[in-house]
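Only one structure is covered here, and it is reproduced in the block below.
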Amino acid sequence: MIRAILWDVDGTLAETEHDGHLVAFNQAFDEFGIPWRWSDARYAELLAVTGGHERLLHDMQSQERAPADPRQRQDLAERVHRLKNTRYASICARGELPLRPGVRELLQDCTRAGVRLGIVTTTSRSNVEALLATHLGRDWQSTFAVVISAKEAPKKKPHPQGYLLALEALRLRPHETVAMEDAPAGVAAAQAAGVPVIVTRSHYFDATPSQGALAAGPSLARTEGWNPPADAGAARIDLAQIMRWQARRLGAKAAATASQ
Ligand code: XBP
């Protein structure tokens, strides 16, 4: 029985990386007079580093024009990151980062069925607030039983800290929950905590492997292209479909144990 669904934010709830963080980073570089910009291709590479501040510091290692002194570099990364988050909040407030198709419907399924909702993200708390206040209103937190951001879980994905904290807060065992993720680091974090994962591939992570996932596919709004396939007749990936995938997985595990 699934008692909670734990949502990643960036790339899963919305295409925030391509349409939000990347744009905001480049705006911040511009406003600081920093002489480099990140291309779409460079940002795709940099996403291997989770956390915007960590990503900036990593990139500065190969930027000839970055400050040589480590403390100055750290200071610059902190200031750019802060401005980037302010610009990101404005992008959200202007309504430029819609929820991905099928997300709102699945959130509603869960609320109706009494399945609790959680957020497990490595992004800054302010970014979660900016995105969700835009879509769910100022009272957005009441939709979620637990919100774990970089503030609560400083060990970023693929570390399982965020998922472990969410399980503890909800007092649930891993198989009573399901994680929604798009990126390999997020999948690894959930799996390291024992949480089954549904992968919805995204702009930058269109090839996240399905091995080990409860299911993987292109979008919650589509039933084609899922592995394992979605059941015939469904219009979207709804809570009932996720419950069936989970029941089959647990049934297969129980059968395997019984036959040993
Ligand atoms: C994704 C991330 C974040 C964002 C930027 O986290 O790696 O670092 O790119 O956010 P998740 P910050 O997929 O877990 O939501 O700049 O606030 O770190």
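Going by the structure tokens order, chains are called A, B, ..., each with residues numbered from 1, while ligands are numbered from 1 in the order shown.
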Stretch 176-184 of chain A: which residues within 7 Å, counting only C-alpha atoms, same-chain residues fewer than 6 positions away excluded, as a JSON list (two decimals) with N, CA and C atoms, in the first residue's frame?
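Output (part23.json):
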```json
[["chain", "number", "residue", "atom", "x", "y", "z"],
["A", 1, "MET", "N", 0.85, -1.20, 0.00],
["A", 1, "MET", "CA", 0.00, 0.00, 0.00],
["A", 1, "MET", "C", 0.89, 1.26, 0.00],
["A", 2, "ILE", "N", 0.66, 2.13, -0.96],
["A", 2, "ILE", "CA", 1.45, 3.37, -1.01],
["A", 2, "ILE", "C", 0.79, 4.41, -0.09],
["A", 3, "ARG", "N", 1.58, 4.91, 0.83],
["A", 3, "ARG", "CA", 1.04, 5.91, 1.77],
["A", 3, "ARG", "C", 1.55, 7.33, 1.48],
["A", 4, "ALA", "N", 2.61, 7.41, 0.69],
["A", 4, "ALA", "CA", 3.12, 8.77, 0.37],
["A", 4, "ALA", "C", 3.85, 8.75, -0.96],
["A", 5, "ILE", "N", 3.75, 9.84, -1.68],
["A", 5, "ILE", "CA", 4.55, 10.04, -2.90],
["A", 5, "ILE", "C", 5.50, 11.20, -2.65],
["A", 6, "LEU", "N", 6.79, 10.95, -2.91],
["A", 6, "LEU", "CA", 7.84, 11.93, -2.61],
["A", 6, "LEU", "C", 8.35, 12.49, -3.93],
["A", 7, "TRP", "N", 8.23, 13.79, -4.09],
["A", 7, "TRP", "CA", 8.52, 14.44, -5.37],
["A", 7, "TRP", "C", 9.86, 15.16, -5.37],
["A", 8, "ASP", "N", 10.66, 14.86, -6.38],
["A", 8, "ASP", "CA", 11.78, 15.71, -6.74],
["A", 8, "ASP", "C", 11.19, 16.98, -7.36],
["A", 11, "GLY", "N", 13.13, 19.48, -12.85],
["A", 11, "GLY", "CA", 13.03, 18.52, -13.95],
["A", 11, "GLY", "C", 11.85, 17.58, -13.80],
["A", 12, "THR", "N", 11.34, 17.42, -12.57],
["A", 12, "THR", "CA", 10.25, 16.47, -12.32],
["A", 12, "THR", "C", 8.91, 17.20, -12.18],
["A", 190, "ALA", "N", 17.11, 7.95, -4.08],
["A", 190, "ALA", "CA", 15.91, 7.24, -3.62],
["A", 190, "ALA", "C", 16.23, 5.77, -3.41],
["A", 195, "VAL", "N", 13.74, 3.41, -1.45],
["A", 195, "VAL", "CA", 12.44, 3.91, -1.94],
["A", 195, "VAL", "C", 12.27, 3.56, -3.43],
["A", 196, "PRO", "N", 11.18, 2.89, -3.81],
["A", 196, "PRO", "CA", 10.93, 2.61, -5.23],
["A", 196, "PRO", "C", 10.76, 3.92, -6.01],
["A", 197, "VAL", "N", 11.24, 3.92, -7.25],
["A", 197, "VAL", "CA", 11.25, 5.19, -8.02],
["A", 197, "VAL", "C", 10.50, 5.07, -9.33],
["A", 198, "ILE", "N", 9.74, 6.11, -9.63],
["A", 198, "ILE", "CA", 9.17, 6.29, -10.97],
["A", 198, "ILE", "C", 10.01, 7.38, -11.64],
["A", 199, "VAL", "N", 10.47, 7.11, -12.85],
["A", 199, "VAL", "CA", 11.30, 8.08, -13.58],
["A", 199, "VAL", "C", 10.45, 8.75, -14.65],
["A", 200, "THR", "N", 10.36, 10.08, -14.59],
["A", 200, "THR", "CA", 9.76, 10.81, -15.72],
["A", 200, "THR", "C", 10.91, 11.57, -16.38],
["A", 201, "ARG", "N", 11.33, 11.10, -17.53],
["A", 201, "ARG", "CA", 12.50, 11.69, -18.19],
["A", 201, "ARG", "C", 12.22, 13.16, -18.55],
["A", 202, "SER", "N", 13.29, 13.94, -18.59],
["A", 202, "SER", "CA", 13.11, 15.40, -18.76],
["A", 202, "SER", "C", 14.04, 15.93, -19.84],
["A", 205, "PHE", "N", 17.54, 15.12, -18.94],
["A", 205, "PHE", "CA", 17.71, 13.71, -18.57],
["A", 205, "PHE", "C", 16.70, 12.88, -19.34],
["A", 208, "THR", "N", 17.58, 8.68, -18.76],
["A", 208, "THR", "CA", 17.78, 8.06, -17.44],
["A", 208, "THR", "C", 17.34, 6.60, -17.53]]
```
Near-ligand residues for ligand 1, threshold 8 Å, only C-alpha atoms and all ligand atoms, as a PyMOL selection string: chain A and resi 8-12+16-17+21+47+49-55+81+84-85+120-127+149-150+156-157+181-183+186
Keeping only N, CA and C atoms, take the residues you just selected and write them out as a CSV table (one decimal), in the first residue's frame.
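And here is the file that came out, again06.csv:
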```csv
chain,number,residue,atom,x,y,z
A,8,ASP,N,10.7,14.9,-6.4
A,8,ASP,CA,11.8,15.7,-6.7
A,8,ASP,C,11.2,17.0,-7.4
A,9,VAL,N,12.0,18.1,-7.4
A,9,VAL,CA,11.4,19.3,-7.9
A,9,VAL,C,12.0,19.6,-9.3
A,10,ASP,N,13.3,19.8,-9.4
A,10,ASP,CA,13.8,20.3,-10.7
A,10,ASP,C,13.8,19.2,-11.8
A,11,GLY,N,13.1,19.5,-12.8
A,11,GLY,CA,13.0,18.5,-14.0
A,11,GLY,C,11.8,17.6,-13.8
A,12,THR,N,11.3,17.4,-12.6
A,12,THR,CA,10.2,16.5,-12.3
A,12,THR,C,8.9,17.2,-12.2
A,16,THR,N,12.5,23.2,-14.7
A,16,THR,CA,13.1,24.3,-14.1
A,16,THR,C,14.5,24.5,-14.5
A,17,GLU,N,15.2,23.5,-14.9
A,17,GLU,CA,16.7,23.6,-15.2
A,17,GLU,C,16.8,24.4,-16.4
A,21,HIS,N,16.7,27.8,-14.0
A,21,HIS,CA,18.0,28.0,-13.4
A,21,HIS,C,19.1,28.4,-14.4
A,47,LEU,N,25.2,19.7,-15.0
A,47,LEU,CA,24.1,19.1,-14.1
A,47,LEU,C,24.6,17.8,-13.4
A,49,VAL,N,26.8,17.8,-11.5
A,49,VAL,CA,27.1,18.4,-10.1
A,49,VAL,C,25.8,18.9,-9.6
A,50,THR,N,25.3,18.3,-8.5
A,50,THR,CA,24.0,18.7,-7.9
A,50,THR,C,24.3,19.9,-7.0
A,51,GLY,N,23.3,20.8,-7.0
A,51,GLY,CA,23.4,22.0,-6.2
A,51,GLY,C,24.0,23.2,-7.0
A,52,GLY,N,23.3,24.3,-7.0
A,52,GLY,CA,23.7,25.4,-7.9
A,52,GLY,C,25.0,26.0,-7.4
A,53,HIS,N,25.2,26.1,-6.1
A,53,HIS,CA,26.5,26.7,-5.6
A,53,HIS,C,27.7,25.8,-5.9
A,54,GLU,N,27.5,24.5,-5.7
A,54,GLU,CA,28.5,23.5,-6.0
A,54,GLU,C,28.8,23.5,-7.5
A,55,ARG,N,27.8,23.7,-8.3
A,55,ARG,CA,27.9,23.7,-9.8
A,55,ARG,C,28.8,24.9,-10.2
A,81,HIS,N,25.2,32.9,-6.7
A,81,HIS,CA,24.1,32.0,-6.5
A,81,HIS,C,22.9,32.7,-5.8
A,84,LYS,N,21.2,34.6,-8.6
A,84,LYS,CA,20.6,33.6,-9.5
A,84,LYS,C,19.2,33.2,-8.9
A,85,ASN,N,19.2,32.9,-7.6
A,85,ASN,CA,18.0,32.5,-6.9
A,85,ASN,C,16.9,33.6,-7.0
A,120,VAL,N,11.3,16.1,-1.9
A,120,VAL,CA,12.7,15.8,-1.6
A,120,VAL,C,13.6,16.3,-2.7
A,121,THR,N,14.2,17.4,-2.4
A,121,THR,CA,15.0,18.1,-3.4
A,121,THR,C,16.3,18.6,-2.9
A,122,THR,N,17.3,18.8,-3.8
A,122,THR,CA,18.6,19.3,-3.4
A,122,THR,C,18.6,20.8,-3.7
A,123,THR,N,17.5,21.4,-4.2
A,123,THR,CA,17.5,22.8,-4.5
A,123,THR,C,17.3,23.6,-3.2
A,124,SER,N,17.5,24.9,-3.3
A,124,SER,CA,17.4,25.8,-2.2
A,124,SER,C,15.9,25.9,-1.8
A,125,ARG,N,15.6,26.1,-0.5
A,125,ARG,CA,14.3,26.2,0.0
A,125,ARG,C,13.5,27.3,-0.7
A,126,SER,N,14.2,28.4,-1.0
A,126,SER,CA,13.5,29.6,-1.6
A,126,SER,C,13.1,29.2,-3.0
A,127,ASN,N,13.8,28.3,-3.7
A,127,ASN,CA,13.3,28.0,-5.1
A,127,ASN,C,12.1,27.1,-5.0
A,149,SER,N,14.5,20.2,1.6
A,149,SER,CA,15.2,20.9,0.6
A,149,SER,C,16.7,20.9,1.0
A,150,ALA,N,17.6,21.6,0.3
A,150,ALA,CA,19.0,21.7,0.6
A,150,ALA,C,19.2,22.1,2.0
A,156,LYS,N,23.8,16.5,-0.7
A,156,LYS,CA,22.9,16.5,-1.8
A,156,LYS,C,22.8,15.2,-2.6
A,157,LYS,N,21.8,15.0,-3.4
A,157,LYS,CA,21.6,13.8,-4.2
A,157,LYS,C,22.9,13.6,-5.0
A,181,GLU,N,11.2,11.0,-9.8
A,181,GLU,CA,12.5,11.6,-10.2
A,181,GLU,C,12.7,11.6,-11.7
A,182,ASP,N,13.6,12.5,-12.1
A,182,ASP,CA,14.0,12.5,-13.5
A,182,ASP,C,15.5,12.2,-13.8
A,183,ALA,N,16.3,12.4,-12.8
A,183,ALA,CA,17.8,12.4,-13.1
A,183,ALA,C,18.4,11.2,-12.4
A,186,GLY,N,19.1,11.6,-8.6
A,186,GLY,CA,17.9,11.5,-7.8
A,186,GLY,C,17.4,10.0,-7.7
```
Exercise: A:Arg244 partners within 12 Å, only C-alpha atoms, chain neighbours under 6 positions left out, as a list in words: Met1, Ile2, Leu214, Ala215, Pro228, Pro229, Ala230, Asp231, Ile237, Asp238, Leu250 and Gly251 of chain A
Could you take the residues named above and write them with C-alpha atoms, as a compact mmCIF listing (two decimals), in the first residue's frame?
```txt
# COMPACT_ATOMS: atom_id res chain seq x y z
CA MET A 1 0.00 0.00 0.00
CA ILE A 2 1.45 3.37 -1.01
CA LEU A 214 9.36 0.83 -10.65
CA ALA A 215 8.61 2.39 -14.05
CA PRO A 228 6.86 -1.52 -17.89
CA PRO A 229 3.96 -0.53 -20.14
CA ALA A 230 1.01 1.33 -18.66
CA ASP A 231 -2.22 -0.67 -18.53
CA ILE A 237 -0.22 7.88 -15.37
CA ASP A 238 -2.52 8.13 -12.39
CA LEU A 250 6.02 -6.42 -4.28
CA GLY A 251 4.13 -9.52 -5.45
```
A:Ser90 surroundings by only C-alpha atoms, 10 Å radius, close-in-sequence under 3 positions cut, as a list in words: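 Here the qualifying residues turn out to be Gly20, Ala24, Lys84, Asn85, Thr86, Arg87, Ala93, Arg94, Gly95, Glu96, Ala130 and Leu131 of chain A.
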Which residue of A:Ala44, A:Ala221, A:Tyr204, A:Gln260 approaches A:Arg104 most closely, using only C-alpha atoms: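 Smallest separation from A:Arg104 among the options: A:Ala221.
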Pick from A:Val103, A:Asp59, A:Gly225, A:Arg171, whichever lies nearest to A:Glu45 using only C-alpha atoms: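 Checking each of A:Val103, A:Asp59, A:Gly225, A:Arg171 against A:Glu45, counting only C-alpha atoms, the winner is A:Asp59.
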Selection: 8 Å around A:Phe32, only C-alpha atoms, excl. self and same-chain fewer than 3 positions, as a list in words: Ala28, Phe29 and Val80 of chain A
For the residues in the current selection, export N, CA, C and O atoms as a PDB file, in the first residue's frame.
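As written to disk, again-v6.pdb reads:
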```
ATOM      1  N   ALA A  28      22.527  36.352 -13.904  1.00  0.00           N
ATOM      2  CA  ALA A  28      23.382  36.746 -12.767  1.00  0.00           C
ATOM      3  C   ALA A  28      24.811  37.012 -13.240  1.00  0.00           C
ATOM      4  O   ALA A  28      25.432  37.993 -12.823  1.00  0.00           O
ATOM      5  N   PHE A  29      25.341  36.172 -14.131  1.00  0.00           N
ATOM      6  CA  PHE A  29      26.696  36.427 -14.677  1.00  0.00           C
ATOM      7  C   PHE A  29      26.735  37.818 -15.319  1.00  0.00           C
ATOM      8  O   PHE A  29      27.652  38.595 -15.117  1.00  0.00           O
ATOM      9  N   VAL A  80      26.867  35.161  -6.607  1.00  0.00           N
ATOM     10  CA  VAL A  80      26.192  34.852  -7.883  1.00  0.00           C
ATOM     11  C   VAL A  80      25.007  33.914  -7.624  1.00  0.00           C
ATOM     12  O   VAL A  80      23.918  34.103  -8.182  1.00  0.00           O
TER      13      VAL A  80
END
```
Pick from A:His203, A:Val128, A:Gly212, A:Leu167 nearest to A:Ala188, counting only C-alpha atoms: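 Ranking A:His203, A:Val128, A:Gly212, A:Leu167 by distance to A:Ala188, first place goes to A:Gly212.
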Among the residues A:Leu97, A:Leu46, A:Leu13, A:Ala89, the one that comes closest to A:Gly118 [using only C-alpha atoms]: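 Comparing A:Leu97, A:Leu46, A:Leu13, A:Ala89 against A:Gly118, the winner is A:Leu13.
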Computed interatomic separation between atom CA of A:Ala145 and atom CA of A:Leu117 (Å): 5.7 Å
Contact residues around A:Gln161 with only C-alpha atoms at 9 Å, ignoring same-chain residues under 6 positions, as a list in words: Ala153, Pro154, Lys155, Ala189 and Ala193 of chain A
Contact residues around stretch 62-66 of chain A with only C-alpha atoms at 10 Å, ignoring same-chain residues under 6 positions, as a PyMOL selection string: chain A and resi 34-36+72-73+76-77
